[in-house]
file start13.txt (compact mmCIF, C-alpha atoms)
# COMPACT_ATOMS: atom_id res chain seq x y z
CA MET Q 1 -16.95 -21.65 -26.50
CA ALA Q 2 -14.07 -19.81 -24.86
CA PRO Q 3 -12.99 -21.18 -21.46
CA LYS Q 4 -14.37 -19.38 -18.43
CA LYS Q 5 -12.00 -16.80 -16.98
CA GLY Q 6 -10.67 -17.60 -13.52
CA LEU Q 7 -10.76 -15.39 -10.46
CA MET Q 8 -7.31 -13.85 -10.78
CA GLN Q 9 -7.73 -13.00 -14.46
CA ARG Q 10 -11.06 -11.36 -13.75
CA LEU Q 11 -9.60 -9.31 -10.90
CA ASP Q 12 -6.64 -8.25 -13.05
CA GLU Q 13 -9.01 -7.12 -15.80
CA GLY Q 14 -11.82 -5.53 -13.79
CA VAL Q 15 -14.30 -6.06 -10.99
CA VAL Q 16 -15.65 -9.25 -9.44
CA ILE Q 17 -18.95 -8.94 -7.59
CA GLY Q 18 -19.52 -11.37 -4.75
CA ASP Q 19 -22.81 -12.62 -3.43
CA GLY Q 20 -24.66 -11.63 -0.26
CA GLY Q 21 -25.59 -13.11 3.09
CA PHE Q 22 -26.98 -16.65 3.27
CA VAL Q 23 -27.33 -17.40 6.98
CA PHE Q 24 -29.44 -14.32 7.80
CA ALA Q 25 -31.51 -14.52 4.62
CA LEU Q 26 -32.26 -18.21 5.07
CA GLU Q 27 -32.92 -17.82 8.80
CA LYS Q 28 -35.59 -15.23 8.01
CA ARG Q 29 -37.09 -17.64 5.47
CA GLY Q 30 -37.17 -20.49 8.00
CA TYR Q 31 -34.31 -22.68 6.74
CA VAL Q 32 -31.41 -21.85 9.11
CA LYS Q 33 -31.40 -21.92 12.90
CA ALA Q 34 -30.18 -18.76 14.62
CA GLY Q 35 -27.53 -19.59 17.19
CA PRO Q 36 -25.52 -22.31 15.49
CA TRP Q 37 -26.01 -20.68 12.03
CA THR Q 38 -24.92 -23.92 10.34
CA PRO Q 39 -25.76 -24.77 6.71
CA GLU Q 40 -27.52 -28.15 6.86
CA ALA Q 41 -30.20 -26.53 4.66
CA VAL Q 42 -28.12 -27.60 1.65
CA ILE Q 43 -29.33 -31.14 2.39
CA GLU Q 44 -32.63 -30.51 4.18
CA HIS Q 45 -33.93 -27.73 1.90
CA PRO Q 46 -31.75 -27.58 -1.24
CA GLU Q 47 -34.44 -25.76 -3.21
CA ALA Q 48 -34.21 -22.77 -0.84
CA VAL Q 49 -30.44 -22.55 -1.15
CA ARG Q 50 -30.57 -23.00 -4.91
CA GLN Q 51 -33.14 -20.21 -5.26
CA LEU Q 52 -31.07 -17.77 -3.23
CA HIS Q 53 -28.01 -18.55 -5.36
CA ARG Q 54 -30.11 -17.85 -8.45
CA GLU Q 55 -31.37 -14.54 -7.09
CA PHE Q 56 -27.82 -13.38 -6.41
CA LEU Q 57 -26.71 -14.52 -9.88
CA ARG Q 58 -29.59 -12.57 -11.45
CA ALA Q 59 -28.68 -9.53 -9.33
CA GLY Q 60 -25.14 -9.48 -10.72
CA SER Q 61 -23.02 -11.79 -8.57
CA ASP Q 62 -20.03 -13.29 -10.36
CA VAL Q 63 -19.35 -15.78 -7.56
CA MET Q 64 -21.58 -18.54 -6.26
CA GLN Q 65 -20.00 -19.22 -2.90
CA ALA Q 66 -20.96 -22.66 -1.65
CA PHE Q 67 -23.07 -22.38 1.50
CA THR Q 68 -20.40 -23.90 3.75
CA PHE Q 69 -20.23 -21.24 6.44
CA TYR Q 70 -19.59 -22.93 9.81
CA ALA Q 71 -19.55 -26.32 8.08
CA SER Q 72 -16.52 -27.74 9.91
CA ASP Q 73 -17.11 -30.98 11.81
CA ASP Q 74 -16.52 -29.40 15.21
CA LYS Q 75 -19.04 -26.61 14.59
CA LEU Q 76 -21.64 -29.03 13.23
CA ALA Q 77 -21.42 -30.96 16.52
CA ASN Q 78 -21.12 -27.97 18.86
CA ARG Q 79 -23.47 -27.35 21.81
CA GLY Q 80 -26.06 -29.96 20.94
CA ASN Q 81 -26.01 -29.46 17.18
CA GLU Q 82 -26.86 -32.81 15.55
CA SER Q 83 -25.94 -31.82 11.99
CA SER Q 84 -22.61 -33.63 12.05
CA ALA Q 85 -24.20 -36.88 13.16
CA LYS Q 86 -27.14 -36.57 10.77
CA HIS Q 87 -25.44 -35.28 7.65
CA THR Q 88 -21.64 -35.27 8.26
CA CYS Q 89 -19.19 -32.54 7.37
CA ARG Q 90 -18.44 -34.22 4.06
CA GLY Q 91 -22.11 -34.58 3.18
CA ILE Q 92 -22.95 -30.93 3.86
CA ASN Q 93 -19.91 -29.52 2.08
CA ASP Q 94 -20.43 -31.79 -0.94
CA ALA Q 95 -24.11 -30.87 -1.26
CA ALA Q 96 -23.28 -27.17 -0.95
CA CYS Q 97 -20.69 -27.38 -3.71
CA ARG Q 98 -23.04 -29.18 -6.07
CA LEU Q 99 -25.77 -26.56 -5.58
CA ALA Q 100 -23.36 -23.66 -6.11
CA ARG Q 101 -21.85 -25.25 -9.21
CA GLU Q 102 -25.28 -25.93 -10.70
CA VAL Q 103 -26.27 -22.27 -10.46
CA ALA Q 104 -22.84 -20.91 -11.45
CA GLU Q 105 -23.12 -22.82 -14.71
CA GLU Q 106 -26.46 -21.14 -15.44
CA GLY Q 107 -24.42 -17.99 -16.05
CA ASP Q 108 -20.78 -16.98 -16.22
CA GLY Q 109 -20.30 -17.52 -12.50
CA LEU Q 110 -17.37 -18.88 -10.55
CA MET Q 111 -17.85 -21.32 -7.68
CA ALA Q 112 -15.95 -21.03 -4.40
CA GLY Q 113 -15.65 -23.15 -1.29
CA GLY Q 114 -15.45 -21.36 2.04
CA LEU Q 115 -13.88 -21.98 5.45
CA SER Q 116 -14.53 -20.05 8.65
CA GLN Q 117 -13.26 -19.91 12.21
CA THR Q 118 -13.61 -23.03 14.34
CA PRO Q 119 -14.61 -24.02 17.87
CA THR Q 120 -11.36 -26.01 17.93
CA TYR Q 121 -9.31 -22.81 17.76
CA LEU Q 122 -11.51 -20.93 20.21
CA SER Q 123 -11.09 -23.81 22.66
CA GLY Q 124 -7.30 -23.60 22.44
CA LEU Q 125 -6.75 -27.06 20.97
CA GLY Q 126 -3.83 -26.00 18.77
CA LYS Q 127 -2.72 -25.75 15.17
CA GLU Q 128 -2.72 -29.41 14.17
CA LYS Q 129 -6.30 -30.07 15.27
CA THR Q 130 -7.54 -26.77 13.87
CA GLN Q 131 -5.98 -27.42 10.47
CA LYS Q 132 -7.48 -30.89 10.44
CA GLU Q 133 -10.92 -29.29 10.59
CA PHE Q 134 -10.00 -27.08 7.62
CA GLN Q 135 -8.57 -29.98 5.65
CA ASN Q 136 -11.76 -32.00 5.98
CA GLN Q 137 -13.55 -29.23 4.08
CA ILE Q 138 -10.75 -28.47 1.64
CA ASP Q 139 -10.65 -32.11 0.51
CA VAL Q 140 -14.32 -31.90 -0.48
CA PHE Q 141 -13.82 -28.57 -2.24
CA VAL Q 142 -10.95 -29.94 -4.31
CA GLU Q 143 -12.97 -33.04 -5.24
CA ASN Q 144 -15.75 -30.75 -6.43
CA LYS Q 145 -13.33 -28.70 -8.52
CA VAL Q 146 -14.12 -25.33 -6.95
CA ASP Q 147 -12.62 -22.37 -8.79
CA PHE Q 148 -11.06 -20.89 -5.66
CA LEU Q 149 -11.12 -21.02 -1.87
CA ILE Q 150 -12.30 -18.37 0.58
CA ALA Q 151 -11.14 -18.32 4.20
CA GLU Q 152 -13.53 -15.82 5.77
CA TYR Q 153 -15.01 -14.79 9.09
CA PHE Q 154 -11.88 -15.08 11.21
CA GLU Q 155 -11.48 -12.90 14.31
CA HIS Q 156 -7.84 -13.87 14.98
CA ILE Q 157 -4.99 -13.51 12.52
CA GLU Q 158 -3.25 -16.58 13.93
CA GLU Q 159 -6.13 -18.89 12.99
CA MET Q 160 -6.43 -17.13 9.63
CA GLU Q 161 -2.76 -17.83 8.90
CA TRP Q 162 -3.35 -21.50 9.70
CA ALA Q 163 -6.34 -21.54 7.34
CA VAL Q 164 -4.46 -19.85 4.50
CA GLU Q 165 -1.55 -22.24 4.96
CA ALA Q 166 -3.91 -25.20 4.57
CA CYS Q 167 -5.68 -23.65 1.57
CA VAL Q 168 -2.50 -22.78 -0.32
CA LYS Q 169 -1.52 -26.46 -0.43
CA SER Q 170 -4.53 -27.07 -2.70
CA GLY Q 171 -2.90 -25.08 -5.50
CA LEU Q 172 -6.07 -23.02 -5.93
CA PRO Q 173 -6.36 -19.23 -5.65
CA VAL Q 174 -6.94 -18.27 -2.01
CA VAL Q 175 -9.05 -15.38 -0.72
CA ALA Q 176 -8.57 -14.40 2.95
CA SER Q 177 -11.12 -12.16 4.65
CA MET Q 178 -11.27 -11.38 8.37
CA CYS Q 179 -14.29 -10.19 10.37
CA ILE Q 180 -12.45 -7.21 11.85
CA GLY Q 181 -12.86 -3.46 11.83
CA PRO Q 182 -10.38 -0.58 11.79
CA ASP Q 183 -9.13 -1.59 15.26
CA GLY Q 184 -7.87 -4.98 14.14
CA ASP Q 185 -8.28 -8.49 15.50
CA MET Q 186 -9.44 -9.66 18.90
CA HIS Q 187 -5.90 -10.17 20.19
CA GLY Q 188 -4.79 -6.63 19.44
CA VAL Q 189 -3.17 -7.08 16.02
CA THR Q 190 -3.81 -3.99 13.90
CA ALA Q 191 -5.93 -4.13 10.75
CA GLY Q 192 -2.91 -3.23 8.66
CA GLU Q 193 -0.77 -5.97 10.13
CA CYS Q 194 -3.59 -8.47 9.64
CA GLY Q 195 -3.64 -7.58 5.94
CA VAL Q 196 0.12 -7.96 5.64
CA ARG Q 197 0.14 -11.28 7.46
CA MET Q 198 -2.66 -12.68 5.29
CA ALA Q 199 -0.68 -11.75 2.20
CA LYS Q 200 2.60 -13.16 3.53
CA ALA Q 201 0.81 -16.39 4.46
CA GLY Q 202 0.10 -16.83 0.75
CA ALA Q 203 -3.37 -15.38 0.16
CA HIS Q 204 -3.89 -13.94 -3.31
CA VAL Q 205 -6.74 -11.65 -2.20
CA VAL Q 206 -7.05 -10.13 1.29
CA GLY Q 207 -9.64 -8.06 3.09
CA ILE Q 208 -12.57 -7.85 5.49
CA ASN Q 209 -16.03 -9.38 5.70
CA CYS Q 210 -18.99 -9.26 8.11
CA HIS Q 211 -19.21 -7.69 11.63
CA PHE Q 212 -19.27 -4.06 10.39
CA ASP Q 213 -21.19 -1.90 7.94
CA PRO Q 214 -19.85 -0.96 4.50
CA PHE Q 215 -18.30 2.31 5.60
CA VAL Q 216 -16.64 1.08 8.80
CA THR Q 217 -15.35 -1.85 6.75
CA LEU Q 218 -13.88 0.50 4.17
CA ASP Q 219 -12.12 2.42 6.95
CA GLY Q 220 -10.50 -0.87 7.87
CA MET Q 221 -9.65 -1.61 4.26
CA ARG Q 222 -7.89 1.73 3.89
CA LYS Q 223 -5.63 0.71 6.76
CA ILE Q 224 -4.96 -2.64 5.13
CA LYS Q 225 -4.13 -0.99 1.80
CA THR Q 226 -1.75 1.46 3.45
CA ALA Q 227 0.08 -1.38 5.19
CA LEU Q 228 0.24 -3.52 2.04
CA ASP Q 229 1.65 -0.61 0.06
CA ALA Q 230 4.25 0.11 2.74
CA GLU Q 231 5.41 -3.52 2.56
CA GLY Q 232 5.39 -3.54 -1.24
CA LEU Q 233 2.92 -6.45 -1.30
CA LYS Q 234 0.94 -6.79 -4.52
CA VAL Q 235 -2.30 -8.62 -3.83
CA HIS Q 236 -5.91 -7.93 -4.69
CA MET Q 237 -8.37 -6.78 -2.03
CA ILE Q 238 -11.86 -7.90 -1.05
CA ALA Q 239 -14.64 -6.25 0.96
CA GLN Q 240 -17.85 -8.07 1.92
CA PRO Q 241 -19.44 -6.09 4.78
CA LEU Q 242 -22.75 -6.23 6.60
CA ALA Q 243 -25.85 -4.55 5.23
CA PHE Q 244 -26.57 -3.07 8.68
CA HIS Q 245 -25.33 0.32 9.88
CA THR Q 246 -22.91 -0.19 12.80
CA PRO Q 247 -21.34 3.18 13.71
CA ASP Q 248 -21.86 2.37 17.40
CA ALA Q 249 -20.38 -1.15 17.34
CA GLY Q 250 -17.27 -1.90 19.33
CA LYS Q 251 -14.31 -4.05 18.35
CA GLN Q 252 -16.44 -7.21 18.28
CA GLY Q 253 -18.76 -5.70 15.68
CA PHE Q 254 -22.51 -6.19 15.37
CA ILE Q 255 -22.66 -9.32 17.53
CA ASP Q 256 -21.94 -7.03 20.50
CA LEU Q 257 -24.98 -4.86 19.76
CA PRO Q 258 -28.03 -5.60 21.94
CA GLU Q 259 -30.19 -5.90 18.80
CA PHE Q 260 -28.18 -8.87 17.50
CA PRO Q 261 -29.52 -10.97 15.90
CA PHE Q 262 -33.31 -10.42 15.97
CA GLY Q 263 -33.70 -6.64 16.16
CA LEU Q 264 -31.34 -5.38 13.46
CA GLU Q 265 -33.91 -4.46 10.81
CA PRO Q 266 -34.00 -0.71 11.63
CA ARG Q 267 -30.30 -0.60 10.76
CA ILE Q 268 -30.63 -2.04 7.24
CA CYS Q 269 -28.74 -0.21 4.51
CA THR Q 270 -30.70 1.10 1.54
CA ARG Q 271 -29.85 0.29 -2.04
CA TRP Q 272 -28.60 3.85 -2.31
CA ASP Q 273 -26.09 3.21 0.51
CA MET Q 274 -24.82 0.35 -1.61
CA HIS Q 275 -24.22 2.60 -4.59
CA ARG Q 276 -22.00 4.73 -2.36
CA TYR Q 277 -20.28 1.66 -0.92
CA ALA Q 278 -19.50 0.21 -4.34
CA ARG Q 279 -18.06 3.49 -5.61
CA GLU Q 280 -15.92 4.10 -2.53
CA ALA Q 281 -14.64 0.51 -2.55
CA TYR Q 282 -13.71 0.74 -6.20
CA ASP Q 283 -11.95 4.07 -5.71
CA ILE Q 284 -9.86 2.58 -2.87
CA GLY Q 285 -8.68 -0.09 -5.29
CA ILE Q 286 -10.84 -2.99 -4.10
CA ARG Q 287 -11.80 -5.23 -6.99
CA PHE Q 288 -13.67 -8.07 -5.23
CA ILE Q 289 -16.78 -6.30 -3.95
CA GLY Q 290 -19.64 -8.19 -2.31
CA GLY Q 291 -21.61 -8.50 0.88
CA CYS Q 292 -22.24 -10.60 3.96
CA CYS Q 293 -25.03 -10.77 6.57
CA GLY Q 294 -28.06 -8.67 5.68
CA PHE Q 295 -27.09 -8.32 2.02
CA GLU Q 296 -30.07 -9.26 -0.10
CA PRO Q 297 -30.05 -9.58 -3.90
CA TYR Q 298 -31.28 -5.99 -4.35
CA HIS Q 299 -28.20 -4.77 -2.48
CA ILE Q 300 -25.94 -6.71 -4.85
CA ARG Q 301 -27.91 -5.36 -7.82
CA ALA Q 302 -27.17 -1.83 -6.59
CA VAL Q 303 -23.44 -2.65 -6.50
CA ALA Q 304 -23.63 -4.00 -10.05
CA GLU Q 305 -25.56 -0.97 -11.27
CA GLU Q 306 -23.12 1.47 -9.70
CA LEU Q 307 -20.26 -0.30 -11.47
CA GLU Q 308 -22.03 -0.64 -14.81
CA LYS Q 309 -19.43 1.35 -16.74
CA GLU Q 310 -16.51 -0.52 -15.20
CA ARG Q 311 -18.15 -3.90 -15.90
CA GLY Q 312 -19.63 -3.03 -19.26
CA CYS Q 313 -23.01 -4.53 -18.46
CA LEU Q 314 -26.03 -4.56 -16.21
CA PRO Q 315 -27.36 -7.66 -14.46
CA LYS Q 316 -30.54 -9.39 -15.59
CA GLY Q 317 -32.15 -8.19 -12.37
CA SER Q 318 -32.02 -4.63 -13.69
CA GLU Q 319 -34.63 -5.47 -16.32
CA LYS Q 320 -37.28 -4.63 -13.72
CA HIS Q 321 -35.38 -1.80 -12.07
CA GLU Q 322 -34.70 1.54 -13.72
CA GLN Q 323 -31.71 3.11 -12.06
CA TRP Q 324 -32.18 5.93 -9.58
CA ALA Q 325 -35.93 5.30 -9.33
CA GLY Q 326 -36.76 5.88 -12.98
CA GLY Q 327 -39.65 3.44 -12.70
CA LEU Q 328 -41.46 5.86 -10.41
CA LYS Q 329 -42.27 7.97 -13.46
CA MET Q 330 -45.01 5.40 -14.06
CA HIS Q 331 -46.55 5.78 -10.59
CA THR Q 332 -50.16 6.98 -10.32
CA LYS Q 333 -49.50 9.51 -7.52
CA PRO Q 334 -47.81 12.76 -8.61
CA TRP Q 335 -45.82 13.26 -5.41
CA VAL Q 336 -44.30 9.81 -5.87
CA ARG Q 337 -43.52 10.54 -9.53
CA ALA Q 338 -41.68 13.62 -8.26
CA ARG Q 339 -39.26 11.26 -6.48
CA ALA Q 340 -38.00 9.80 -9.78
CA GLY Q 341 -34.46 11.11 -9.64
CA ARG Q 342 -30.98 10.56 -8.28
CA ASP Q 343 -30.83 13.75 -6.23
CA TYR Q 344 -33.83 12.72 -4.17
CA TRP Q 345 -32.65 9.21 -3.28
CA GLU Q 346 -28.95 9.95 -2.97
CA ASN Q 347 -29.63 12.55 -0.31
CA ILE Q 348 -32.54 11.04 1.60
CA LYS Q 349 -32.22 10.58 5.37
CA PRO Q 350 -34.56 7.65 6.10
CA SER Q 351 -36.63 7.78 9.27
CA SER Q 352 -37.07 4.70 11.43
CA GLY Q 353 -40.69 5.34 12.39
CA ARG Q 354 -39.76 4.45 15.99
CA PRO Q 355 -40.15 7.68 18.02
CA TYR Q 356 -39.05 6.20 21.36
CA CYS Q 357 -35.93 4.44 20.08
CA ALA Q 358 -32.39 5.74 20.37
CA ALA Q 359 -30.31 6.27 17.24
CA MET Q 360 -27.36 4.41 18.77
CA SER Q 361 -26.93 1.43 21.11
CA LYS Q 362 -24.45 0.55 23.85
CA PRO Q 363 -22.45 -2.56 22.88
CA ASP Q 364 -22.18 -5.34 25.45
CA ALA Q 365 -18.36 -5.29 25.18
CA TRP Q 366 -17.65 -8.39 27.26
CA GLY Q 367 -14.15 -8.63 25.77
CA VAL Q 368 -14.31 -12.44 25.66
CA THR Q 369 -12.13 -13.99 22.96
CA ALA Q 370 -9.99 -17.04 22.20
CA GLY Q 371 -8.27 -18.23 25.37
CA HIS Q 372 -11.13 -17.28 27.71
CA SER Q 373 -12.86 -20.10 29.61
CA ASP Q 374 -16.31 -18.93 28.48
CA LEU Q 375 -15.34 -19.65 24.87
CA LYS Q 376 -14.36 -23.27 25.39
CA GLN Q 377 -16.73 -25.27 23.24
CA LYS Q 378 -18.46 -28.60 23.90
CA THR Q 379 -20.74 -31.06 22.16
CA MET Q 380 -23.40 -31.14 24.90
CA HIS Q 381 -26.36 -28.76 24.97
CA THR Q 382 -25.93 -25.52 26.93
CA THR Q 383 -27.81 -25.98 30.21
CA ASP Q 384 -30.31 -23.60 31.80
CA ASP Q 385 -27.91 -23.15 34.73
CA GLU Q 386 -25.14 -22.11 32.35
CA ILE Q 387 -27.44 -19.54 30.76
CA LYS Q 388 -28.38 -18.18 34.21
CA ALA Q 389 -24.69 -17.84 35.07
CA LEU Q 390 -24.06 -15.89 31.87
CA GLN Q 391 -27.06 -13.66 32.55
CA GLN Q 392 -25.69 -12.87 36.01
CA LYS Q 393 -22.35 -11.89 34.46
CA LYS Q 394 -24.17 -9.59 32.04
CA LYS Q 395 -25.78 -7.77 34.96
call {"tool": "encode", "arguments": {"input": "start13.txt", "output": "structure tokens"}}
result
Amino acid sequence: MAPKKGLMQRLDEGVVIGDGGFVFALEKRGYVKAGPWTPEAVIEHPEAVRQLHREFLRAGSDVMQAFTFYASDDKLANRGNESSAKHTCRGINDAACRLAREVAEEGDGLMAGGLSQTPTYLSGLGKEKTQKEFQNQIDVFVENKVDFLIAEYFEHIEEMEWAVEACVKSGLPVVASMCIGPDGDMHGVTAGECGVRMAKAGAHVVGINCHFDPFVTLDGMRKIKTALDAEGLKVHMIAQPLAFHTPDAGKQGFIDLPEFPFGLEPRICTRWDMHRYAREAYDIGIRFIGGCCGFEPYHIRAVAEELEKERGCLPKGSEKHEQWAGGLKMHTKPWVRARAGRDYWENIKPSSGRPYCAAMSKPDAWGVTAGHSDLKQKTMHTTDDEIKALQQKKK
């Protein structure tokens, strides 16, 4: 059997499809707690995590990303979270890697370990302590022989640079992906400059994930590509956006929307939106194309189906899905059979069924970011008095 191709070879030769969102999908299924969004489910409910990996693999994902989002020690012990004490950072990251590797080996998948932004950075505790949090995870990833590392969900380019610097020392390929939009990071650094700085820090693949919908994300990626080209930097690009429409989101993205996190369903992207996203991303030159919060396996399947010619195959999940609604030809009702075609679904304008709801929301736009006293983190539970104080500020 020929050895499995690595990430960089696959990107040089074609397209790599990422997976989708784990924290939102598993929260809806009852395995992740909204608020901390930490991944102790890899120990408490491994069967749920394993099944979601398998569904993404069947849908066409080439990467099984270990469910290690927010799995740094400081986050696992933040604001009353007992996951660090119960399971430890090492225990959670190790379990996540083993689950991802198990499923990756059921197909031709790669396995990645992921880092994300830390309470240590947001609390202003400095580079050395922040990088120590990263290193605790990286050590476990290296021991588990991950195929590459992903530093994702960073709002500040400074912390991202620290993360990339720590990852590069592993000798593994490094993917760097910030949760920013076209306006750049939370300290005013442009999207283009963020892309350049990620590349100069040593990342082999740079881009954007989370916080914004596919099309806002691609606007940001165009700015990154322009800046990379101007600097003569040759790196691959990644996009892994939300599966929620966010045209009204401010710089902070969807977490600023009043519907976050429990009222976002009316904003969900259709599978047909994902066809458009995949094509536009590919045409920009992005070769690592996946999703983040809200992305379900059927969204990833749509990406894989759109890129069938480029990839030379369809995923197993397409066995029960004729493209562009071909299966509707078998429907009993004639008016539904009439919808069996690309023109119908590519041009549909879905209704929400909510006659008294606005099409757009007003973001909270508090403007709170690293360096602000409200973002200093602690291990104790948030008190009722602290919540009342925040509610007064919101008024």
call {"tool": "residues_around", "arguments": {"input": "start13.txt", "residues": "segment 250-252 of chain Q", "least_positions_apart": "6", "cutoff": "7 Å", "atoms": "all atoms listed in the file", "output": "PDB file with C-alpha atoms, in the coordinates of the input"}}
result
ATOM      1  CA  GLY Q 181     -12.860  -3.460  11.830  1.00  0.00           C
ATOM      2  CA  ASP Q 183      -9.130  -1.590  15.260  1.00  0.00           C
ATOM      3  CA  PRO Q 363     -22.450  -2.560  22.880  1.00  0.00           C
ATOM      4  CA  ALA Q 365     -18.360  -5.290  25.180  1.00  0.00           C
TER       5      ALA Q 365
END
call {"tool": "residues_around", "arguments": {"input": "start13.txt", "residues": "segment 300-315 of chain Q", "least_positions_apart": "3", "cutoff": "7 Å", "atoms": "all atoms listed in the file", "output": "list of chain:residue names"}}
result
Q:Gly14, Q:Val15, Q:Asp19, Q:Gly20, Q:Arg58, Q:Ala59, Q:Gly60, Q:Ser61, Q:Arg271, Q:Met274, Q:His275, Q:Ala278, Q:Arg279, Q:Gly290, Q:Glu296, Q:Pro297, Q:Ser318
call {"tool": "closest_residue", "arguments": {"input": "start13.txt", "among": "Q:Asp147, Q:Glu13, Q:Asp384, Q:Glu193", "to": "Ala100 of chain Q", "atoms": "all atoms listed in the file"}}
result
Q:Asp147
call {"tool": "residues_around", "arguments": {"input": "start13.txt", "residues": "segment 68-76 of chain Q", "least_positions_apart": "4", "cutoff": "7 Å", "atoms": "all atoms listed in the file", "output": "PDB file with C-alpha atoms, keeping the file's coordinate frame"}}
result
ATOM      1  CA  THR Q  38     -24.920 -23.920  10.340  1.00  0.00           C
ATOM      2  CA  PRO Q  39     -25.760 -24.770   6.710  1.00  0.00           C
ATOM      3  CA  ASN Q  81     -26.010 -29.460  17.180  1.00  0.00           C
ATOM      4  CA  GLU Q  82     -26.860 -32.810  15.550  1.00  0.00           C
ATOM      5  CA  SER Q  83     -25.940 -31.820  11.990  1.00  0.00           C
ATOM      6  CA  SER Q  84     -22.610 -33.630  12.050  1.00  0.00           C
ATOM      7  CA  CYS Q  89     -19.190 -32.540   7.370  1.00  0.00           C
ATOM      8  CA  ASN Q  93     -19.910 -29.520   2.080  1.00  0.00           C
ATOM      9  CA  ALA Q  96     -23.280 -27.170  -0.950  1.00  0.00           C
ATOM     10  CA  GLY Q 113     -15.650 -23.150  -1.290  1.00  0.00           C
ATOM     11  CA  GLY Q 114     -15.450 -21.360   2.040  1.00  0.00           C
ATOM     12  CA  LEU Q 115     -13.880 -21.980   5.450  1.00  0.00           C
ATOM     13  CA  SER Q 116     -14.530 -20.050   8.650  1.00  0.00           C
ATOM     14  CA  THR Q 118     -13.610 -23.030  14.340  1.00  0.00           C
ATOM     15  CA  PRO Q 119     -14.610 -24.020  17.870  1.00  0.00           C
ATOM     16  CA  THR Q 120     -11.360 -26.010  17.930  1.00  0.00           C
ATOM     17  CA  GLU Q 133     -10.920 -29.290  10.590  1.00  0.00           C
ATOM     18  CA  PHE Q 134     -10.000 -27.080   7.620  1.00  0.00           C
ATOM     19  CA  GLN Q 137     -13.550 -29.230   4.080  1.00  0.00           C
TER      20      GLN Q 137
END
call {"tool": "axis_aligned_box", "arguments": {"input": "start13.txt", "around": "segment 71-86 of chain Q", "padding_each_side": "5 Å", "output": "JSON"}}
result
{"center_x": -21.8, "center_y": -31.6, "center_z": 14.9, "size_x": 20.6, "size_y": 20.6, "size_z": 23.7}
call {"tool": "atom_distance", "arguments": {"input": "start13.txt", "atom1": "atom CA of Asn209 of chain Q", "atom2": "atom CA of Ile348 of chain Q"}}
result
26.6 Å
call {"tool": "closest_residue", "arguments": {"input": "start13.txt", "among": "Q:Lys316, Q:Arg90, Q:His372, Q:Lys349", "to": "His187 of chain Q", "atoms": "only C-alpha atoms"}}
result
Q:His372
call {"tool": "atom_distance", "arguments": {"input": "start13.txt", "atom1": "atom CA of Gly202 of chain Q", "atom2": "atom CA of Gly188 of chain Q"}}
result
21.8 Å
call {"tool": "closest_residue", "arguments": {"input": "start13.txt", "among": "Q:Val205, Q:Ala199, Q:Leu57, Q:Ile255", "to": "Gly232 of chain Q", "atoms": "all atoms listed in the file"}}
result
Q:Ala199
call {"tool": "closest_residue", "arguments": {"input": "start13.txt", "among": "Q:Gly21, Q:Gly80, Q:Pro173, Q:Gly91", "to": "Met8 of chain Q", "atoms": "only C-alpha atoms"}}
result
Q:Pro173
call {"tool": "residues_around", "arguments": {"input": "start13.txt", "residues": "Lys378 of chain Q", "least_positions_apart": "2", "cutoff": "9 Å", "atoms": "all atoms listed in the file", "output": "PyMOL selection string"}}
result
chain Q and resi 74+77-80+119+123+376+380-382
call {"tool": "build_atoms", "arguments": {"input": "start13.txt", "residues": "segment 202-211 of chain Q", "atoms": "N, CA and C atoms", "output": "mmCIF file, in the frame of the given file"}}
result
data_model
loop_
_atom_site.group_PDB
_atom_site.id
_atom_site.type_symbol
_atom_site.label_atom_id
_atom_site.label_comp_id
_atom_site.auth_asym_id
_atom_site.auth_seq_id
_atom_site.Cartn_x
_atom_site.Cartn_y
_atom_site.Cartn_z
ATOM 1 N N GLY Q 202 0.300 -16.269 2.085
ATOM 2 C CA GLY Q 202 0.100 -16.830 0.750
ATOM 3 C C GLY Q 202 -1.221 -16.528 0.104
ATOM 4 N N ALA Q 203 -2.077 -15.724 0.760
ATOM 5 C CA ALA Q 203 -3.370 -15.380 0.160
ATOM 6 C C ALA Q 203 -3.164 -14.487 -1.062
ATOM 7 N N HIS Q 204 -3.959 -14.734 -2.079
ATOM 8 C CA HIS Q 204 -3.890 -13.940 -3.310
ATOM 9 C C HIS Q 204 -4.792 -12.707 -3.251
ATOM 10 N N VAL Q 205 -5.793 -12.761 -2.391
ATOM 11 C CA VAL Q 205 -6.740 -11.650 -2.200
ATOM 12 C C VAL Q 205 -6.965 -11.527 -0.692
ATOM 13 N N VAL Q 206 -6.894 -10.308 -0.156
ATOM 14 C CA VAL Q 206 -7.050 -10.130 1.290
ATOM 15 C C VAL Q 206 -8.050 -9.015 1.580
ATOM 16 N N GLY Q 207 -8.704 -9.113 2.743
ATOM 17 C CA GLY Q 207 -9.640 -8.060 3.090
ATOM 18 C C GLY Q 207 -10.461 -8.363 4.314
ATOM 19 N N ILE Q 208 -11.692 -7.820 4.317
ATOM 20 C CA ILE Q 208 -12.570 -7.850 5.490
ATOM 21 C C ILE Q 208 -13.971 -8.269 5.063
ATOM 22 N N ASN Q 209 -14.612 -9.071 5.910
ATOM 23 C CA ASN Q 209 -16.030 -9.380 5.700
ATOM 24 C C ASN Q 209 -16.759 -9.361 7.040
ATOM 25 N N CYS Q 210 -18.081 -9.152 6.972
ATOM 26 C CA CYS Q 210 -18.990 -9.260 8.110
ATOM 27 C C CYS Q 210 -18.651 -8.287 9.249
ATOM 28 N N HIS Q 211 -19.378 -8.399 10.356
ATOM 29 C CA HIS Q 211 -19.210 -7.690 11.630
ATOM 30 C C HIS Q 211 -19.416 -6.182 11.581
#
